[in-house]
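One file, start.json, is given below (JSON, C-alpha atoms and all ligand atoms).
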```json
[["chain", "number", "residue", "atom", "x", "y", "z"],
["A", 145, "MET", "CA", -8.62, 49.60, -44.33],
["A", 146, "THR", "CA", -11.33, 48.12, -42.10],
["A", 147, "PRO", "CA", -10.83, 48.86, -38.40],
["A", 148, "GLU", "CA", -10.32, 45.98, -35.98],
["A", 149, "PRO", "CA", -13.54, 44.58, -34.49],
["A", 150, "LYS", "CA", -14.30, 45.45, -30.88],
["A", 151, "THR", "CA", -16.49, 43.86, -28.23],
["A", 152, "CYS", "CA", -19.81, 45.07, -26.86],
["A", 153, "ARG", "CA", -19.52, 46.50, -23.37],
["A", 154, "SER", "CA", -22.88, 44.99, -22.38],
["A", 155, "CYS", "CA", -23.20, 41.54, -24.01],
["A", 156, "GLY", "CA", -19.52, 40.93, -24.74],
["A", 157, "ARG", "CA", -20.13, 39.89, -28.33],
["A", 158, "THR", "CA", -17.89, 40.98, -31.19],
["A", 159, "ILE", "CA", -18.90, 44.16, -32.99],
["A", 160, "GLU", "CA", -17.78, 44.10, -36.61],
["A", 161, "TRP", "CA", -17.13, 47.46, -38.20],
["A", 162, "ARG", "CA", -19.92, 48.72, -40.46],
["A", 163, "LYS", "CA", -20.03, 51.50, -43.01],
["A", 164, "LYS", "CA", -22.69, 53.38, -41.00],
["A", 165, "TRP", "CA", -20.12, 53.78, -38.20],
["A", 166, "GLU", "CA", -17.53, 55.29, -40.52],
["A", 167, "ARG", "CA", -17.47, 58.58, -38.61],
["A", 168, "SER", "CA", -18.38, 57.37, -35.13],
["A", 169, "TRP", "CA", -16.53, 54.04, -34.77],
["A", 170, "ASP", "CA", -14.38, 55.36, -31.92],
["A", 171, "ASP", "CA", -17.56, 56.07, -29.93],
["A", 172, "VAL", "CA", -19.23, 52.70, -30.59],
["A", 173, "VAL", "CA", -19.26, 50.61, -27.40],
["A", 174, "TYR", "CA", -22.57, 48.70, -27.70],
["A", 175, "CYS", "CA", -23.55, 46.29, -30.49],
["A", 176, "SER", "CA", -27.24, 47.22, -30.54],
["A", 177, "ALA", "CA", -29.90, 49.57, -29.20],
["A", 178, "GLY", "CA", -30.91, 46.81, -26.78],
["A", 179, "CYS", "CA", -27.42, 46.61, -25.33],
["A", 180, "ARG", "CA", -27.16, 50.40, -25.16],
["A", 181, "SER", "CA", -30.32, 50.65, -23.06],
["A", 182, "ARG", "CA", -29.42, 47.60, -20.98],
["A", 183, "ARG", "CA", -25.80, 48.62, -20.26],
["A", 184, "VAL", "CA", -24.27, 46.77, -17.30],
["A", 185, "SER", "CA", -26.34, 46.69, -14.10],
["A", 186, "SER", "CA", -25.26, 45.98, -10.54],
["A", 187, "VAL", "CA", -26.72, 42.48, -10.91],
["A", 188, "ASP", "CA", -24.51, 42.02, -13.98],
["A", 189, "ARG", "CA", -21.48, 42.99, -11.90],
["A", 190, "ASP", "CA", -22.62, 40.60, -9.15],
["A", 191, "LEU", "CA", -22.71, 37.80, -11.72],
["A", 192, "GLU", "CA", -19.16, 38.59, -12.83],
["A", 193, "GLN", "CA", -18.01, 38.52, -9.21],
["A", 194, "SER", "CA", -19.87, 35.28, -8.59],
["A", 195, "ILE", "CA", -18.24, 33.60, -11.59],
["A", 196, "MET", "CA", -14.77, 34.67, -10.42],
["A", 197, "SER", "CA", -15.31, 33.60, -6.81],
["A", 198, "LEU", "CA", -16.79, 30.23, -7.85],
["A", 199, "LEU", "CA", -13.76, 29.62, -10.06],
["A", 200, "ALA", "CA", -11.38, 30.75, -7.32],
["A", 201, "SER", "CA", -12.82, 28.06, -5.05],
["A", 202, "ARG", "CA", -12.13, 25.27, -7.57],
["A", 203, "ALA", "CA", -9.00, 23.67, -8.94],
["A", 204, "SER", "CA", -7.25, 25.79, -11.58],
["A", 205, "GLY", "CA", -8.44, 23.74, -14.57],
["A", 206, "ALA", "CA", -11.97, 23.22, -13.27],
["A", 207, "THR", "CA", -15.01, 24.61, -15.04],
["A", 208, "ILE", "CA", -18.31, 25.97, -13.81],
["A", 209, "CYS", "CA", -21.70, 26.30, -15.50],
["A", 210, "PRO", "CA", -23.17, 29.83, -15.85],
["A", 211, "SER", "CA", -26.20, 28.51, -13.93],
["A", 212, "GLU", "CA", -24.06, 28.19, -10.78],
["A", 213, "ALA", "CA", -23.41, 31.94, -10.85],
["A", 214, "ALA", "CA", -27.08, 32.60, -11.66],
["A", 215, "ARG", "CA", -28.18, 30.50, -8.67],
["A", 216, "ALA", "CA", -25.68, 32.18, -6.38],
["A", 217, "VAL", "CA", -26.96, 35.65, -7.29],
["A", 218, "GLY", "CA", -30.61, 35.06, -8.09],
["A", 219, "ASP", "CA", -32.23, 32.82, -5.45],
["A", 220, "ASP", "CA", -35.69, 31.83, -6.74],
["A", 221, "ASP", "CA", -35.53, 33.81, -9.97],
["A", 222, "TRP", "CA", -32.12, 32.45, -11.01],
["A", 223, "ARG", "CA", -33.50, 31.20, -14.35],
["A", 224, "ASP", "CA", -34.02, 34.82, -15.38],
["A", 225, "LEU", "CA", -30.30, 35.33, -14.81],
["A", 226, "MET", "CA", -29.11, 32.58, -17.17],
["A", 227, "GLU", "CA", -28.66, 34.87, -20.17],
["A", 228, "PRO", "CA", -27.21, 37.65, -17.98],
["A", 229, "ALA", "CA", -24.75, 35.07, -16.60],
["A", 230, "ARG", "CA", -23.66, 34.18, -20.13],
["A", 231, "ARG", "CA", -23.25, 37.88, -20.90],
["A", 232, "ALA", "CA", -21.14, 38.25, -17.75],
["A", 233, "ALA", "CA", -18.98, 35.32, -18.84],
["A", 234, "ARG", "CA", -18.40, 36.93, -22.25],
["A", 235, "ARG", "CA", -17.37, 40.22, -20.62],
["A", 236, "LEU", "CA", -14.90, 38.30, -18.47],
["A", 237, "VAL", "CA", -13.50, 36.60, -21.58],
["A", 238, "ASN", "CA", -12.92, 40.05, -23.08],
["A", 239, "ALA", "CA", -11.22, 41.15, -19.88],
["A", 240, "GLY", "CA", -8.88, 38.17, -20.16],
["A", 241, "ASP", "CA", -10.07, 36.57, -16.91],
["A", 242, "VAL", "CA", -11.82, 33.45, -18.20],
["A", 243, "VAL", "CA", -12.36, 31.28, -21.28],
["A", 244, "ILE", "CA", -15.61, 29.69, -22.42],
["A", 245, "THR", "CA", -15.51, 26.02, -23.35],
["A", 246, "GLN", "CA", -17.78, 23.47, -24.97],
["A", 247, "ARG", "CA", -16.93, 19.77, -24.68],
["A", 248, "GLY", "CA", -13.57, 20.75, -23.23],
["A", 249, "SER", "CA", -12.46, 23.04, -26.07],
["A", 250, "VAL", "CA", -12.19, 26.82, -25.91],
["A", 251, "VAL", "CA", -14.81, 28.43, -28.17],
["A", 252, "ASP", "CA", -15.56, 31.91, -29.50],
["A", 253, "PRO", "CA", -17.94, 33.44, -26.94],
["A", 254, "SER", "CA", -19.65, 35.53, -29.63],
["A", 255, "THR", "CA", -20.84, 32.56, -31.63],
["A", 256, "ALA", "CA", -21.08, 29.67, -29.14],
["A", 257, "LYS", "CA", -24.55, 28.10, -29.15],
["A", 258, "GLY", "CA", -25.87, 25.72, -26.53],
["A", 259, "PRO", "CA", -24.49, 24.86, -23.10],
["A", 260, "ILE", "CA", -21.18, 26.45, -22.16],
["A", 261, "ARG", "CA", -18.70, 26.01, -19.31],
["A", 262, "ILE", "CA", -16.45, 28.70, -17.85],
["A", 263, "ARG", "CA", -12.79, 28.17, -16.92],
["A", 264, "ARG", "CA", -10.08, 30.49, -15.61],
["A", 265, "ALA", "CA", -7.94, 31.90, -18.46],
["A", 301, "ZN", "ZN", -24.19, 43.78, -27.22]]
```
Let me see whether you can do it: turn the structure in this file into C-alpha cells.
Ligand SMILES: [Zn+2]
Amino acid sequence: MTPEPKTCRSCGRTIEWRKKWERSWDDVVYCSAGCRSRRVSSVDRDLEQSIMSLLASRASGATICPSEAARAVGDDDWRDLMEPARRAARRLVNAGDVVITQRGSVVDPSTAKGPIRIRRA
C-alpha cells in the first residue's frame, strides 16, 4: 500500500511517495535537495505573518496578492520575495490557515501556475 502523500516543509508542495524512500519515508520532510538546504528562514516566517496580518485587516472573504506580503516585508527588493511569498502561502494552506484561489476558485497550491490570490480558510 502506498503511503499518503505529505507536504514539503519548505515550499509547501505535495511530496508523493517514491520507492527510493521506502525505508526513510517517515523522515522525509523536504521535497528536494534545494528545499532541504533552503529550509524556512526568518524572512519566510515574516512573509507568513505578513500574509496573515494583511488578511486580518480585510473583510473575511477578501483576497490578497502574494506581492502585498512581499512588499510589506521586502522594501526595495520585494520582487525577490515573490516566490518566497508564494511558498509562504502554500505553507499556510497546509497549516489550514488560508486557501489559494485563481479567478475566484480554490486551487491546488502544488500545481497552480500563474497569478494567485490568498484568502482566509
Ligand atoms: Zn519543497
Next on the checklist: For Val217 in chain A, find every residue with an atom within 8 Å (counting only C-alpha atoms), except residues of its own chain fewer than 5 positions away, and show them as a list in words.
Outcome noted: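 Residues near the query, excluding close chain neighbours: Val187, Asp190, Leu191, Ser194 and Trp222 of chain A.
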Go ahead and save the residues from that selection, with C-alpha atoms, as a PDB file, keeping the file's coordinate frame.
```
ATOM      1  CA  VAL A 187     -26.720  42.480 -10.910  1.00  0.00           C
ATOM      2  CA  ASP A 190     -22.620  40.600  -9.150  1.00  0.00           C
ATOM      3  CA  LEU A 191     -22.710  37.800 -11.720  1.00  0.00           C
ATOM      4  CA  SER A 194     -19.870  35.280  -8.590  1.00  0.00           C
ATOM      5  CA  TRP A 222     -32.120  32.450 -11.010  1.00  0.00           C
TER       6      TRP A 222
END
```
Item to check | Residues within 8 Å of ligand ZN 301 (chain A), counting all atoms listed in the file, as a list in words | outcome: Thr151, Cys152, Arg153, Ser154, Cys155, Gly156, Arg157, Thr158, Ile159, Tyr174, Cys175, Ser176, Gly178, Cys179 and Arg180 of chain A
Those residues you just picked out, can you put them in a file as a PDB file, in the coordinates of the input with C-alpha atoms?
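Below is the file that was written, selection.pdb:
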```
ATOM      1  CA  THR A 151     -16.490  43.860 -28.230  1.00  0.00           C
ATOM      2  CA  CYS A 152     -19.810  45.070 -26.860  1.00  0.00           C
ATOM      3  CA  ARG A 153     -19.520  46.500 -23.370  1.00  0.00           C
ATOM      4  CA  SER A 154     -22.880  44.990 -22.380  1.00  0.00           C
ATOM      5  CA  CYS A 155     -23.200  41.540 -24.010  1.00  0.00           C
ATOM      6  CA  GLY A 156     -19.520  40.930 -24.740  1.00  0.00           C
ATOM      7  CA  ARG A 157     -20.130  39.890 -28.330  1.00  0.00           C
ATOM      8  CA  THR A 158     -17.890  40.980 -31.190  1.00  0.00           C
ATOM      9  CA  ILE A 159     -18.900  44.160 -32.990  1.00  0.00           C
ATOM     10  CA  TYR A 174     -22.570  48.700 -27.700  1.00  0.00           C
ATOM     11  CA  CYS A 175     -23.550  46.290 -30.490  1.00  0.00           C
ATOM     12  CA  SER A 176     -27.240  47.220 -30.540  1.00  0.00           C
ATOM     13  CA  GLY A 178     -30.910  46.810 -26.780  1.00  0.00           C
ATOM     14  CA  CYS A 179     -27.420  46.610 -25.330  1.00  0.00           C
ATOM     15  CA  ARG A 180     -27.160  50.400 -25.160  1.00  0.00           C
TER      16      ARG A 180
END
```
Next on the checklist: Using all atoms listed in the file, which protein or nucleic acid residues come within 8 Å of Pro210 in chain A? Drop anything in the same chain fewer than 4 positions from it, and give the result as number ranges by chain.
Outcome noted: A: 195, 214, 226, 229-230, 233, 260-262
Checklist entry - Using all atoms listed in the file, which residue out of A:Val172, A:Met145, A:Met196, A:Val184 lies closest to Cys209 in chain A? => result A:Met196
Checklist entry - CA of Glu148 in chain A to CA of Ala256 in chain A: how many Å, to one decimal? => result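 If I compute the distance from CA of Glu148 in chain A to CA of Ala256 in chain A, I get 20.7 Å.
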Next on the checklist: One number please: CA of Asp219 in chain A to CA of Val251 in chain A, in Å, one decimal.
Outcome noted: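 Computed distance, CA of Asp219 in chain A to CA of Val251 in chain A, equals 29.0 Å.
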Next on the checklist: Just want the 7 Å neighbourhood of Ala232 in chain A, counted on only C-alpha atoms, with same-chain residues fewer than 3 positions away dropped. Output as number ranges by chain.
Outcome noted: A: 188, 191-192, 228-229, 235-236
Keeping only C-alpha atoms, write the selected residues as a PDB file, in the coordinates of the input.
```pdb
ATOM      1  CA  ASP A 188     -24.510  42.020 -13.980  1.00  0.00           C
ATOM      2  CA  LEU A 191     -22.710  37.800 -11.720  1.00  0.00           C
ATOM      3  CA  GLU A 192     -19.160  38.590 -12.830  1.00  0.00           C
ATOM      4  CA  PRO A 228     -27.210  37.650 -17.980  1.00  0.00           C
ATOM      5  CA  ALA A 229     -24.750  35.070 -16.600  1.00  0.00           C
ATOM      6  CA  ARG A 235     -17.370  40.220 -20.620  1.00  0.00           C
ATOM      7  CA  LEU A 236     -14.900  38.300 -18.470  1.00  0.00           C
TER       8      LEU A 236
END
```
Checklist entry - Nearest to Arg264 in chain A among A:Ser168, A:Ser181, A:Ser186, A:Thr245, with distances taken over only C-alpha atoms: which residue is it? => result A:Thr245
Checklist entry - Could you name the residues that touch Thr207 in chain A at 12 Å or less, counting all atoms listed in the file, but leaving out those on the same chain fewer than 3 positions away, as a ChimeraX atom specification? => result /A:195-196,198-204,210-213,242-250,260-265
Provide range 224-235 of chain A rebuilt to all heavy atoms, formatted as a compact mmCIF listing (two decimals), in the frame of the given file.
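What landed in rebuild-v8.txt:
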```
# COMPACT_ATOMS: atom_id res chain seq x y z
N ASP A 224 -34.03 33.55 -14.64
CA ASP A 224 -34.02 34.82 -15.38
C ASP A 224 -32.60 35.36 -15.55
O ASP A 224 -32.38 36.28 -16.33
CB ASP A 224 -34.86 35.88 -14.64
CG ASP A 224 -36.32 35.49 -14.55
OD1 ASP A 224 -36.76 34.67 -15.39
OD2 ASP A 224 -37.01 35.99 -13.66
N LEU A 225 -31.68 34.83 -14.77
CA LEU A 225 -30.30 35.33 -14.81
C LEU A 225 -29.40 34.46 -15.68
O LEU A 225 -28.19 34.69 -15.76
CB LEU A 225 -29.71 35.42 -13.40
CG LEU A 225 -30.39 36.44 -12.49
CD1 LEU A 225 -29.70 36.45 -11.12
CD2 LEU A 225 -30.34 37.83 -13.11
N MET A 226 -29.96 33.45 -16.35
CA MET A 226 -29.11 32.58 -17.17
C MET A 226 -28.46 33.34 -18.32
O MET A 226 -27.26 33.24 -18.54
CB MET A 226 -29.92 31.39 -17.72
CG MET A 226 -30.04 30.24 -16.74
SD MET A 226 -28.40 29.64 -16.20
CE MET A 226 -27.79 28.91 -17.71
N GLU A 227 -29.26 34.10 -19.08
CA GLU A 227 -28.66 34.87 -20.17
C GLU A 227 -27.73 35.97 -19.62
O GLU A 227 -26.62 36.12 -20.12
CB GLU A 227 -29.74 35.42 -21.11
CG GLU A 227 -29.20 36.10 -22.37
CD GLU A 227 -28.23 35.23 -23.18
OE1 GLU A 227 -28.37 33.99 -23.17
OE2 GLU A 227 -27.31 35.80 -23.80
N PRO A 228 -28.16 36.70 -18.58
CA PRO A 228 -27.21 37.65 -17.98
C PRO A 228 -25.91 36.99 -17.52
O PRO A 228 -24.84 37.59 -17.61
CB PRO A 228 -28.00 38.23 -16.80
CG PRO A 228 -29.42 38.20 -17.26
CD PRO A 228 -29.53 36.90 -18.05
N ALA A 229 -25.98 35.75 -17.04
CA ALA A 229 -24.75 35.07 -16.60
C ALA A 229 -23.85 34.77 -17.79
O ALA A 229 -22.62 34.87 -17.70
CB ALA A 229 -25.10 33.77 -15.86
N ARG A 230 -24.46 34.41 -18.92
CA ARG A 230 -23.66 34.18 -20.13
C ARG A 230 -23.04 35.49 -20.62
O ARG A 230 -21.89 35.52 -21.09
CB ARG A 230 -24.51 33.55 -21.23
CG ARG A 230 -24.95 32.12 -20.90
CD ARG A 230 -25.99 31.61 -21.89
NE ARG A 230 -25.47 31.47 -23.23
CZ ARG A 230 -25.13 30.29 -23.78
NH1 ARG A 230 -25.26 29.18 -23.11
NH2 ARG A 230 -24.67 30.24 -25.02
N ARG A 231 -23.80 36.57 -20.51
CA ARG A 231 -23.25 37.88 -20.90
C ARG A 231 -22.06 38.23 -19.99
O ARG A 231 -21.03 38.74 -20.46
CB ARG A 231 -24.32 38.97 -20.80
CG ARG A 231 -25.48 38.76 -21.75
CD ARG A 231 -26.67 39.64 -21.38
NE ARG A 231 -26.45 41.05 -21.66
CZ ARG A 231 -26.87 41.66 -22.77
NH1 ARG A 231 -27.54 40.99 -23.70
NH2 ARG A 231 -26.64 42.93 -22.95
N ALA A 232 -22.23 37.97 -18.70
CA ALA A 232 -21.14 38.25 -17.75
C ALA A 232 -19.91 37.44 -18.11
O ALA A 232 -18.78 37.95 -18.07
CB ALA A 232 -21.60 37.94 -16.33
N ALA A 233 -20.12 36.18 -18.47
CA ALA A 233 -18.98 35.32 -18.84
C ALA A 233 -18.27 35.88 -20.07
O ALA A 233 -17.03 35.92 -20.12
CB ALA A 233 -19.47 33.90 -19.12
N ARG A 234 -19.03 36.36 -21.04
CA ARG A 234 -18.40 36.93 -22.25
C ARG A 234 -17.60 38.19 -21.92
O ARG A 234 -16.51 38.41 -22.46
CB ARG A 234 -19.45 37.23 -23.32
CG ARG A 234 -20.00 35.98 -24.00
CD ARG A 234 -20.76 36.33 -25.28
NE ARG A 234 -21.97 37.07 -25.02
CZ ARG A 234 -23.19 36.54 -24.92
NH1 ARG A 234 -23.35 35.25 -25.09
NH2 ARG A 234 -24.23 37.29 -24.68
N ARG A 235 -18.13 39.02 -21.01
CA ARG A 235 -17.37 40.22 -20.62
C ARG A 235 -16.06 39.82 -19.96
O ARG A 235 -15.03 40.46 -20.16
CB ARG A 235 -18.20 41.11 -19.70
CG ARG A 235 -19.36 41.81 -20.39
CD ARG A 235 -19.96 42.93 -19.53
NE ARG A 235 -20.43 42.46 -18.24
CZ ARG A 235 -21.64 41.94 -18.02
NH1 ARG A 235 -22.51 41.82 -19.00
NH2 ARG A 235 -21.98 41.52 -16.83
```
